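Engineer: What follows is a single structure, and I will ask about it in a moment.
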Amino acid sequence: MMMTLSLEILFWVSFGTIFLTYFAYPVTLLLLAPLRKSHAIDDATPTVTLIVSAYNEAAVIREKIENSLALDYPRESLEIMVISDESDDGTDEIVEEYADQGVVLYRQVPRRGKSFGLTQFLERATGELVVFSDANSIYEPSAVRKLVRHFAEERVGFVVGHQRYIEEDSAASVSESLYWRYETWLKIQESKIGSVVCGDGAIYAIRTHLFEPLREDDINDFTIPLKIVRRGYRGLFDTDAVCYERTAADFGGEFRRKARIVNRSFRAVLRNPGVLNPFRVGLFSYQLVVHKLIRWFVPLFMVTMFVANVALAVQGSLFYSVVLGLHVGFYLLALLRLVPALRDVKPIYIANYFCVVNAAAGLGLLNVLFGKSVSTWNPEREEPQATVATSAK
């Protein structure tokens, strides 16, 4: 009897935790709507430094620079810096072609990763605000204006733009797009009631004076916002500050990217424990725990829930036998993606994507446990960035 009770507790705690992070959390954000905070915005154009981080981006860097030079922002107030992490494919030579247009190249040697490059060179930025971008992120003309307007509010420390994905035919791209719409909705609600939980390396801005040096294996778009919130500022999400990117070419690329993100993000929280203290950061601690921390541990709860379900079904429970059937059916649905003729059936690739990203999260956490960290990597994309203004979703 005690064994059965223990298994049932394990099953329902595991189920409840998964349900909380994916389904109950969005509902609580809606219930917290009365706590929504307003903030001032204006059309001022403070000096801005746009920092583009690049490693072997010869295929996309020219379009990125042209896009940056064409932004609807006073040219005299916009500094463009490209930090090249020892690129050896001609990226640096392309950047240098734009030196007479004010584009500044900083070359990092030896290669030590994006965060180390920011720590080394950001002190040379002259802008009151810094906008961080990736080399393959193409901005809408008004994107920087949309970001900086929120800094009229003194307690706004960072602003995150809206990364949108180009419409692709691959299952990985479609699944990521669906996931990203869900994440975007969460960011909108979090921003309304307090602070968005993290940044986005493709498009986010901070007050320059709030930047703190990063460790080599820090994930900048998560660590920097955490440090800013810890200092009493808030972060906002602006759906109108838009940039476009492609997703990884396949599920393998998505798997590696997710594992890397979880590994580095979990380390960021461990290094900034103050953001888990509700007496220090208020509601943000709840958002961080439920939206991120619990989400990263979902693979563990998936395993414990399944093991408990099998044990309870073996004991002859009709209810748990039916649930086990649904449980096994879901994983079989995900495995059907291995059948070429079925790999693009929507329920199949969505189920598969859910399993893949959670397996990646599990690997990311295991790597933390075994002391493996990540500071450099190759971009998870194969095709050059195309002009996206009319093809983006």
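A note on labels: chains of the structure tokens are A, B, ... as shown, every chain counts residues from 1, and ligands are counted from 1 in their shown order.
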So that I can see what lies close to Ser375 in chain A, please list as number ranges by chain the residues with an atom at most 10 Å from it, counting only C-alpha atoms and leaving out residues fewer than 3 positions away in the same chain.

Structural biologist: A: 111-116, 215-219, 260, 264

Engineer: For each of A:Leu326, A:Ala152, A:Leu105, A:Ile193, take the minimum atom-to-atom distance to Ala54 in chain A, counting only C-alpha atoms, then give the residue where this is smallest.

Structural biologist: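 Checking each candidate against Ala54 in chain A, we get A:Leu105 as the closest.
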
Engineer: Tell me, as a VMD selection string, which residues lie within 10 Å of Leu69 in chain A, counting only C-alpha atoms; anything in the same chain fewer than 4 positions away does not count.

Structural biologist: chain A and resid 63 to 65 73 75 78 to 80 98 101 to 103 141

Engineer: Residues near Ile138 in chain A, anyone? I mean within 12 Å using only C-alpha atoms, not counting same-chain ones fewer than 5 positions away, as an MDAnalysis selection string.

Structural biologist: chainID A and resid 52 60:71 133 143:144 161:166 202:203 241:246 385:389 392

Engineer: Could you go through range 184-377 of chain A and tell me which residues DSSP, when run on the backbone, assigns to helix (DSSP H, G or I), listing them as a CSV table (one decimal) with N, CA and C atoms, in the first residue's frame?

Structural biologist:
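This went into part_24.csv:
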chain,number,residue,atom,x,y,z
A,184,THR,N,6.6,33.6,-27.6
A,184,THR,CA,6.3,35.0,-27.8
A,184,THR,C,5.1,35.5,-27.0
A,185,TRP,N,4.1,34.7,-27.0
A,185,TRP,CA,2.9,35.1,-26.2
A,185,TRP,C,3.3,35.2,-24.7
A,186,LEU,N,4.1,34.2,-24.2
A,186,LEU,CA,4.5,34.3,-22.8
A,186,LEU,C,5.3,35.6,-22.5
A,187,LYS,N,6.2,35.9,-23.4
A,187,LYS,CA,7.0,37.1,-23.3
A,187,LYS,C,6.1,38.4,-23.2
A,188,ILE,N,5.1,38.4,-24.0
A,188,ILE,CA,4.2,39.6,-24.0
A,188,ILE,C,3.5,39.7,-22.7
A,189,GLN,N,3.0,38.6,-22.1
A,189,GLN,CA,2.3,38.6,-20.8
A,189,GLN,C,3.3,39.0,-19.7
A,190,GLU,N,4.5,38.4,-19.7
A,190,GLU,CA,5.5,38.7,-18.7
A,190,GLU,C,5.9,40.1,-18.7
A,191,SER,N,6.1,40.7,-19.8
A,191,SER,CA,6.4,42.1,-20.0
A,191,SER,C,5.4,43.0,-19.4
A,192,LYS,N,4.1,42.6,-19.6
A,192,LYS,CA,3.0,43.5,-19.1
A,192,LYS,C,3.0,43.5,-17.6
A,193,ILE,N,3.3,42.4,-16.9
A,193,ILE,CA,3.1,42.4,-15.5
A,193,ILE,C,4.4,42.6,-14.7
A,208,THR,N,24.0,50.9,-21.6
A,208,THR,CA,25.4,50.5,-21.7
A,208,THR,C,26.1,50.4,-20.3
A,209,HIS,N,25.7,51.3,-19.4
A,209,HIS,CA,26.3,51.4,-18.1
A,209,HIS,C,26.0,50.2,-17.2
A,210,LEU,N,24.9,49.4,-17.7
A,210,LEU,CA,24.5,48.3,-16.9
A,210,LEU,C,25.3,47.0,-17.2
A,220,ASN,N,25.2,35.2,-23.0
A,220,ASN,CA,25.0,36.7,-22.8
A,220,ASN,C,23.6,37.1,-22.7
A,221,ASP,N,22.7,36.6,-23.6
A,221,ASP,CA,21.4,37.1,-23.6
A,221,ASP,C,20.5,36.5,-22.5
A,222,PHE,N,21.0,35.7,-21.6
A,222,PHE,CA,20.3,35.3,-20.4
A,222,PHE,C,21.0,35.9,-19.2
A,223,THR,N,22.4,35.8,-19.2
A,223,THR,CA,23.1,36.3,-18.0
A,223,THR,C,23.0,37.8,-17.9
A,224,ILE,N,23.1,38.6,-18.9
A,224,ILE,CA,23.0,40.0,-18.8
A,224,ILE,C,21.7,40.5,-18.3
A,225,PRO,N,20.5,40.0,-18.8
A,225,PRO,CA,19.2,40.4,-18.3
A,225,PRO,C,19.1,40.0,-16.8
A,226,LEU,N,19.6,38.8,-16.4
A,226,LEU,CA,19.5,38.4,-15.0
A,226,LEU,C,20.3,39.4,-14.1
A,227,LYS,N,21.4,39.8,-14.5
A,227,LYS,CA,22.2,40.8,-13.7
A,227,LYS,C,21.5,42.1,-13.7
A,228,ILE,N,20.8,42.5,-14.7
A,228,ILE,CA,20.1,43.8,-14.8
A,228,ILE,C,18.9,43.8,-13.8
A,229,VAL,N,18.2,42.7,-13.9
A,229,VAL,CA,17.0,42.5,-13.0
A,229,VAL,C,17.5,42.5,-11.5
A,230,ARG,N,18.6,41.8,-11.3
A,230,ARG,CA,19.1,41.8,-9.9
A,230,ARG,C,19.4,43.1,-9.4
A,251,PHE,N,16.3,18.7,-37.3
A,251,PHE,CA,16.2,18.5,-35.9
A,251,PHE,C,17.5,18.2,-35.1
A,252,GLY,N,18.5,17.7,-35.9
A,252,GLY,CA,19.8,17.6,-35.2
A,252,GLY,C,20.4,18.9,-34.8
A,253,GLY,N,20.2,19.9,-35.7
A,253,GLY,CA,20.7,21.3,-35.4
A,253,GLY,C,19.9,21.8,-34.2
A,254,GLU,N,18.6,21.6,-34.2
A,254,GLU,CA,17.8,22.1,-33.1
A,254,GLU,C,18.2,21.4,-31.8
A,255,PHE,N,18.5,20.1,-31.8
A,255,PHE,CA,18.9,19.4,-30.6
A,255,PHE,C,20.2,20.0,-30.0
A,256,ARG,N,21.2,20.2,-30.9
A,256,ARG,CA,22.4,20.7,-30.4
A,256,ARG,C,22.3,22.1,-29.8
A,257,ARG,N,21.5,22.9,-30.5
A,257,ARG,CA,21.2,24.3,-30.1
A,257,ARG,C,20.5,24.4,-28.7
A,258,LYS,N,19.5,23.6,-28.6
A,258,LYS,CA,18.7,23.5,-27.3
A,258,LYS,C,19.6,23.0,-26.1
A,259,ALA,N,20.4,22.0,-26.4
A,259,ALA,CA,21.2,21.5,-25.3
A,259,ALA,C,22.2,22.5,-24.9
A,260,ARG,N,22.8,23.2,-25.8
A,260,ARG,CA,23.8,24.3,-25.5
A,260,ARG,C,23.1,25.4,-24.7
A,261,ILE,N,21.9,25.8,-25.1
A,261,ILE,CA,21.2,26.9,-24.4
A,261,ILE,C,20.9,26.5,-23.0
A,262,VAL,N,20.4,25.3,-22.8
A,262,VAL,CA,20.0,24.9,-21.4
A,262,VAL,C,21.2,24.8,-20.6
A,263,ASN,N,22.3,24.2,-21.1
A,263,ASN,CA,23.5,24.1,-20.3
A,263,ASN,C,24.0,25.5,-19.8
A,264,ARG,N,24.1,26.4,-20.7
A,264,ARG,CA,24.6,27.7,-20.4
A,264,ARG,C,23.6,28.6,-19.5
A,265,SER,N,22.3,28.4,-19.8
A,265,SER,CA,21.3,29.2,-19.1
A,265,SER,C,21.2,28.7,-17.6
A,266,PHE,N,21.3,27.4,-17.4
A,266,PHE,CA,21.2,26.8,-16.0
A,266,PHE,C,22.4,27.3,-15.2
A,267,ARG,N,23.6,27.4,-15.9
A,267,ARG,CA,24.8,27.9,-15.2
A,267,ARG,C,24.6,29.4,-14.8
A,268,ALA,N,23.9,30.1,-15.7
A,268,ALA,CA,23.7,31.5,-15.5
A,268,ALA,C,22.8,31.7,-14.2
A,269,VAL,N,21.8,30.9,-14.0
A,269,VAL,CA,21.0,31.0,-12.8
A,269,VAL,C,21.8,30.6,-11.6
A,270,LEU,N,22.6,29.5,-11.7
A,270,LEU,CA,23.5,29.1,-10.5
A,270,LEU,C,24.4,30.2,-10.1
A,271,ARG,N,24.9,31.0,-11.1
A,271,ARG,CA,25.8,32.1,-10.8
A,271,ARG,C,25.2,33.4,-10.3
A,273,PRO,N,22.2,33.6,-8.1
A,273,PRO,CA,21.1,33.0,-7.2
A,273,PRO,C,20.1,34.1,-6.7
A,274,GLY,N,20.6,35.4,-6.7
A,274,GLY,CA,19.7,36.4,-6.1
A,274,GLY,C,18.4,36.6,-6.9
A,275,VAL,N,18.4,36.2,-8.2
A,275,VAL,CA,17.2,36.4,-9.0
A,275,VAL,C,16.1,35.3,-8.6
A,276,LEU,N,16.5,34.4,-7.7
A,276,LEU,CA,15.5,33.4,-7.3
A,276,LEU,C,14.8,33.9,-6.0
A,278,PRO,N,12.3,36.1,-4.1
A,278,PRO,CA,11.2,37.0,-4.4
A,278,PRO,C,11.2,38.3,-3.6
A,279,PHE,N,11.9,38.3,-2.5
A,279,PHE,CA,12.0,39.5,-1.7
A,279,PHE,C,12.9,40.5,-2.3
A,280,ARG,N,13.7,40.1,-3.3
A,280,ARG,CA,14.7,40.9,-3.9
A,280,ARG,C,14.2,41.3,-5.3
A,281,VAL,N,13.6,40.4,-6.1
A,281,VAL,CA,13.2,40.7,-7.4
A,281,VAL,C,11.7,40.5,-7.7
A,283,LEU,N,8.0,39.3,-8.4
A,283,LEU,CA,7.3,38.3,-9.2
A,283,LEU,C,8.3,37.7,-10.2
A,284,PHE,N,9.4,38.3,-10.5
A,284,PHE,CA,10.3,37.8,-11.5
A,284,PHE,C,10.8,36.4,-11.1
A,285,SER,N,11.0,36.2,-9.8
A,285,SER,CA,11.5,34.9,-9.3
A,285,SER,C,10.5,33.8,-9.7
A,286,TYR,N,9.2,34.0,-9.6
A,286,TYR,CA,8.2,33.0,-10.0
A,286,TYR,C,8.3,32.8,-11.5
A,287,GLN,N,8.4,33.8,-12.2
A,287,GLN,CA,8.5,33.7,-13.7
A,287,GLN,C,9.7,32.9,-14.1
A,288,LEU,N,10.8,33.2,-13.5
A,288,LEU,CA,12.0,32.5,-13.8
A,288,LEU,C,12.0,31.0,-13.5
A,289,VAL,N,11.4,30.7,-12.3
A,289,VAL,CA,11.4,29.3,-11.8
A,289,VAL,C,10.4,28.5,-12.7
A,290,VAL,N,9.2,29.0,-12.9
A,290,VAL,CA,8.2,28.2,-13.7
A,290,VAL,C,8.5,28.2,-15.2
A,291,HIS,N,8.9,29.3,-15.7
A,291,HIS,CA,9.1,29.4,-17.2
A,291,HIS,C,10.3,28.8,-17.6
A,292,LYS,N,11.4,28.9,-16.8
A,292,LYS,CA,12.7,28.4,-17.2
A,292,LYS,C,13.2,27.1,-16.4
A,293,LEU,N,13.4,27.3,-15.1
A,293,LEU,CA,14.0,26.2,-14.3
A,293,LEU,C,13.2,24.9,-14.4
A,294,ILE,N,11.9,25.0,-14.1
A,294,ILE,CA,11.1,23.8,-14.2
A,294,ILE,C,11.0,23.2,-15.6
A,295,ARG,N,10.9,24.1,-16.6
A,295,ARG,CA,10.9,23.7,-18.0
A,295,ARG,C,12.2,22.8,-18.3
A,296,TRP,N,13.3,23.3,-17.8
A,296,TRP,CA,14.6,22.5,-18.1
A,296,TRP,C,14.5,21.1,-17.5
A,298,VAL,N,11.8,19.3,-17.1
A,298,VAL,CA,10.7,18.5,-17.6
A,298,VAL,C,11.2,17.1,-18.1
A,299,PRO,N,12.3,16.9,-18.7
A,299,PRO,CA,12.7,15.6,-19.1
A,299,PRO,C,12.9,14.6,-17.9
A,300,LEU,N,13.3,15.1,-16.8
A,300,LEU,CA,13.4,14.3,-15.6
A,300,LEU,C,12.0,13.9,-15.2
A,301,PHE,N,11.1,14.8,-15.2
A,301,PHE,CA,9.7,14.5,-14.8
A,301,PHE,C,9.0,13.6,-15.8
A,302,MET,N,9.4,13.7,-17.1
A,302,MET,CA,8.8,12.8,-18.1
A,302,MET,C,9.2,11.3,-17.8
A,303,VAL,N,10.5,11.2,-17.4
A,303,VAL,CA,11.0,9.8,-17.0
A,303,VAL,C,10.3,9.3,-15.8
A,304,THR,N,10.3,10.1,-14.7
A,304,THR,CA,9.7,9.6,-13.5
A,304,THR,C,8.2,9.3,-13.6
A,305,MET,N,7.5,10.1,-14.4
A,305,MET,CA,6.1,9.9,-14.6
A,305,MET,C,5.8,8.6,-15.4
A,306,PHE,N,6.7,8.4,-16.4
A,306,PHE,CA,6.5,7.1,-17.2
A,306,PHE,C,6.8,5.9,-16.3
A,307,VAL,N,7.9,5.9,-15.6
A,307,VAL,CA,8.3,4.8,-14.7
A,307,VAL,C,7.2,4.5,-13.7
A,308,ALA,N,6.7,5.6,-13.0
A,308,ALA,CA,5.6,5.4,-12.1
A,308,ALA,C,4.4,4.9,-12.7
A,309,ASN,N,4.1,5.3,-13.9
A,309,ASN,CA,2.9,4.9,-14.7
A,309,ASN,C,3.0,3.4,-15.0
A,310,VAL,N,4.1,2.9,-15.4
A,310,VAL,CA,4.3,1.5,-15.7
A,310,VAL,C,4.1,0.7,-14.5
A,311,ALA,N,4.7,1.1,-13.4
A,311,ALA,CA,4.6,0.3,-12.1
A,311,ALA,C,3.2,0.2,-11.6
A,312,LEU,N,2.5,1.3,-11.8
A,312,LEU,CA,1.1,1.3,-11.3
A,312,LEU,C,0.2,0.5,-12.2
A,313,ALA,N,0.5,0.5,-13.5
A,313,ALA,CA,-0.3,-0.3,-14.4
A,313,ALA,C,-0.1,-1.8,-14.2
A,314,VAL,N,1.2,-2.1,-13.9
A,314,VAL,CA,1.5,-3.5,-13.7
A,314,VAL,C,0.7,-4.1,-12.4
A,318,LEU,N,-6.8,-0.2,-13.6
A,318,LEU,CA,-7.4,0.1,-15.0
A,318,LEU,C,-7.1,1.5,-15.4
A,319,PHE,N,-7.3,2.5,-14.5
A,319,PHE,CA,-7.0,3.9,-14.8
A,319,PHE,C,-5.6,4.1,-15.3
A,320,TYR,N,-4.6,3.5,-14.5
A,320,TYR,CA,-3.2,3.8,-14.9
A,320,TYR,C,-2.9,2.9,-16.1
A,321,SER,N,-3.6,1.9,-16.4
A,321,SER,CA,-3.3,1.1,-17.6
A,321,SER,C,-3.8,1.9,-18.9
A,322,VAL,N,-4.9,2.6,-18.7
A,322,VAL,CA,-5.4,3.4,-19.8
A,322,VAL,C,-4.4,4.6,-20.1
A,323,VAL,N,-4.0,5.2,-19.0
A,323,VAL,CA,-3.1,6.3,-19.1
A,323,VAL,C,-1.8,5.8,-19.7
A,324,LEU,N,-1.3,4.6,-19.3
A,324,LEU,CA,-0.1,4.1,-19.9
A,324,LEU,C,-0.2,3.9,-21.4
A,325,GLY,N,-1.4,3.5,-21.8
A,325,GLY,CA,-1.7,3.3,-23.2
A,325,GLY,C,-1.5,4.7,-24.0
A,326,LEU,N,-2.1,5.7,-23.4
A,326,LEU,CA,-1.9,7.1,-24.0
A,326,LEU,C,-0.5,7.5,-23.9
A,327,HIS,N,0.2,7.2,-22.8
A,327,HIS,CA,1.6,7.5,-22.7
A,327,HIS,C,2.5,6.9,-23.8
A,328,VAL,N,2.3,5.6,-23.9
A,328,VAL,CA,3.1,4.9,-24.9
A,328,VAL,C,2.7,5.3,-26.3
A,329,GLY,N,1.4,5.6,-26.5
A,329,GLY,CA,0.9,6.1,-27.8
A,329,GLY,C,1.6,7.4,-28.2
A,330,PHE,N,1.8,8.3,-27.3
A,330,PHE,CA,2.4,9.6,-27.6
A,330,PHE,C,3.9,9.4,-28.0
A,331,TYR,N,4.6,8.5,-27.3
A,331,TYR,CA,6.0,8.3,-27.7
A,331,TYR,C,6.1,7.5,-29.0
A,332,LEU,N,5.2,6.6,-29.3
A,332,LEU,CA,5.2,5.9,-30.6
A,332,LEU,C,4.9,6.9,-31.7
A,333,LEU,N,4.0,7.9,-31.4
A,333,LEU,CA,3.7,8.9,-32.4
A,333,LEU,C,4.9,9.7,-32.7
A,334,ALA,N,5.7,10.0,-31.7
A,334,ALA,CA,6.9,10.7,-32.0
A,334,ALA,C,7.9,9.9,-32.8
A,335,LEU,N,8.0,8.6,-32.5
A,335,LEU,CA,8.9,7.7,-33.2
A,335,LEU,C,8.5,7.5,-34.7
A,336,LEU,N,7.3,7.7,-35.0
A,336,LEU,CA,6.8,7.6,-36.4
A,336,LEU,C,7.5,8.5,-37.3
A,337,ARG,N,8.1,9.5,-36.8
A,337,ARG,CA,8.9,10.4,-37.7
A,337,ARG,C,10.1,9.7,-38.3
A,338,LEU,N,10.4,8.6,-37.8
A,338,LEU,CA,11.5,7.8,-38.4
A,338,LEU,C,11.0,7.2,-39.7
A,340,PRO,N,9.9,7.6,-43.3
A,340,PRO,CA,10.0,8.7,-44.3
A,340,PRO,C,8.6,9.2,-44.8
A,341,ALA,N,7.7,8.3,-45.0
A,341,ALA,CA,6.4,8.7,-45.6
A,341,ALA,C,5.5,9.5,-44.6
A,342,LEU,N,5.9,9.4,-43.3
A,342,LEU,CA,5.1,10.0,-42.2
A,342,LEU,C,5.8,11.2,-41.5
A,346,LYS,N,1.7,16.5,-39.4
A,346,LYS,CA,1.9,17.5,-38.4
A,346,LYS,C,1.9,17.0,-36.9
A,347,PRO,N,0.9,16.2,-36.5
A,347,PRO,CA,1.0,15.7,-35.1
A,347,PRO,C,2.2,14.9,-34.8
A,348,ILE,N,2.8,14.2,-35.9
A,348,ILE,CA,4.0,13.4,-35.7
A,348,ILE,C,5.2,14.3,-35.4
A,349,TYR,N,5.4,15.3,-36.3
A,349,TYR,CA,6.6,16.1,-36.1
A,349,TYR,C,6.5,17.0,-34.9
A,350,ILE,N,5.3,17.4,-34.5
A,350,ILE,CA,5.1,18.2,-33.2
A,350,ILE,C,5.5,17.3,-32.0
A,351,ALA,N,4.9,16.1,-32.0
A,351,ALA,CA,5.3,15.2,-30.9
A,351,ALA,C,6.8,14.9,-30.8
A,352,ASN,N,7.3,14.7,-32.0
A,352,ASN,CA,8.8,14.4,-32.1
A,352,ASN,C,9.6,15.6,-31.6
A,353,TYR,N,9.1,16.8,-32.0
A,353,TYR,CA,9.9,18.0,-31.6
A,353,TYR,C,9.8,18.2,-30.1
A,354,PHE,N,8.7,17.9,-29.5
A,354,PHE,CA,8.5,18.0,-28.1
A,354,PHE,C,9.5,17.1,-27.4
A,355,CYS,N,9.6,15.9,-27.9
A,355,CYS,CA,10.6,14.9,-27.3
A,355,CYS,C,12.0,15.3,-27.5
A,356,VAL,N,12.3,15.8,-28.7
A,356,VAL,CA,13.7,16.2,-29.1
A,356,VAL,C,14.2,17.3,-28.2
A,357,VAL,N,13.3,18.4,-28.0
A,357,VAL,CA,13.8,19.5,-27.3
A,357,VAL,C,13.9,19.2,-25.8
A,358,ASN,N,13.1,18.3,-25.3
A,358,ASN,CA,13.2,17.9,-23.9
A,358,ASN,C,14.4,16.9,-23.7
A,359,ALA,N,14.7,16.1,-24.7
A,359,ALA,CA,15.9,15.3,-24.6
A,359,ALA,C,17.1,16.2,-24.6
A,360,ALA,N,17.1,17.2,-25.4
A,360,ALA,CA,18.2,18.2,-25.5
A,360,ALA,C,18.4,18.9,-24.1
A,361,ALA,N,17.2,19.3,-23.5
A,361,ALA,CA,17.3,19.9,-22.2
A,361,ALA,C,17.9,19.0,-21.2
A,362,GLY,N,17.6,17.7,-21.3
A,362,GLY,CA,18.1,16.7,-20.3
A,362,GLY,C,19.6,16.6,-20.5
A,363,LEU,N,20.1,16.6,-21.8
A,363,LEU,CA,21.5,16.5,-22.1
A,363,LEU,C,22.2,17.7,-21.6
A,364,GLY,N,21.6,18.9,-21.8
A,364,GLY,CA,22.2,20.2,-21.3
A,364,GLY,C,22.4,20.1,-19.8
A,365,LEU,N,21.4,19.6,-19.0
A,365,LEU,CA,21.6,19.5,-17.6
A,365,LEU,C,22.6,18.5,-17.2
A,366,LEU,N,22.6,17.4,-17.9
A,366,LEU,CA,23.7,16.3,-17.6
A,366,LEU,C,25.1,16.9,-17.8
A,367,ASN,N,25.2,17.7,-18.9
A,367,ASN,CA,26.5,18.3,-19.1
A,367,ASN,C,26.9,19.2,-18.0
A,368,VAL,N,26.0,19.9,-17.4
A,368,VAL,CA,26.3,20.7,-16.2
A,368,VAL,C,26.7,19.9,-15.1
A,369,LEU,N,26.0,18.8,-14.9
A,369,LEU,CA,26.3,17.8,-13.8
A,369,LEU,C,27.7,17.3,-13.9

Engineer: Calculate how many Å separate CA of Val130 in chain A from CA of Glu212 in chain A, rounding to one decimal.

Structural biologist: 12.7 Å

Engineer: Pick out the residues sitting within 10 Å of Gln120 in chain A, and hand them over as a PyMOL selection string; count only C-alpha atoms, and ignore anything fewer than 6 positions along from it in its own chain.

Structural biologist: chain A and resi 83+106+108+114+213-214

Engineer: Can you spit out the residues from that selection as a compact mmCIF listing (two decimals), in the first residue's frame, using C-alpha atoms?

Structural biologist:
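again_35.txt, freshly written:
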# COMPACT_ATOMS: atom_id res chain seq x y z
CA ILE A 83 33.15 41.56 -33.31
CA TYR A 106 37.15 44.25 -33.83
CA GLN A 108 39.23 38.56 -31.41
CA LYS A 114 30.82 35.57 -28.08
CA PRO A 213 31.90 41.54 -17.60
CA LEU A 214 30.94 38.03 -18.64

Engineer: Can you tell me, as number ranges by chain, which residues in range 101-247 of chain A count as strand (DSSP E) by DSSP?

Structural biologist: A: 103-107, 129-134, 138-139, 156-165, 204-207, 234-245

Engineer: Using CA of Ala59 in chain A and CA of Asp134 in chain A as the two end points, give the distance in Å to one decimal.

Structural biologist: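 CA of Asp134 in chain A lies at a distance of 13.1 Å from CA of Ala59 in chain A.
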
Engineer: Considering only C-alpha atoms, state which residue in the set A:Leu7, A:Val131, A:Leu236, A:Ile94 is at the smallest distance from Asn56 in chain A.

Structural biologist: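 Closest candidate: A:Ile94.
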
Engineer: Work out how far CA of Tyr204 in chain A is from CA of Tyr55 in chain A, in Å to one decimal.

Structural biologist: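 For CA of Tyr55 in chain A relative to CA of Tyr204 in chain A, the distance reads 19.3 Å.
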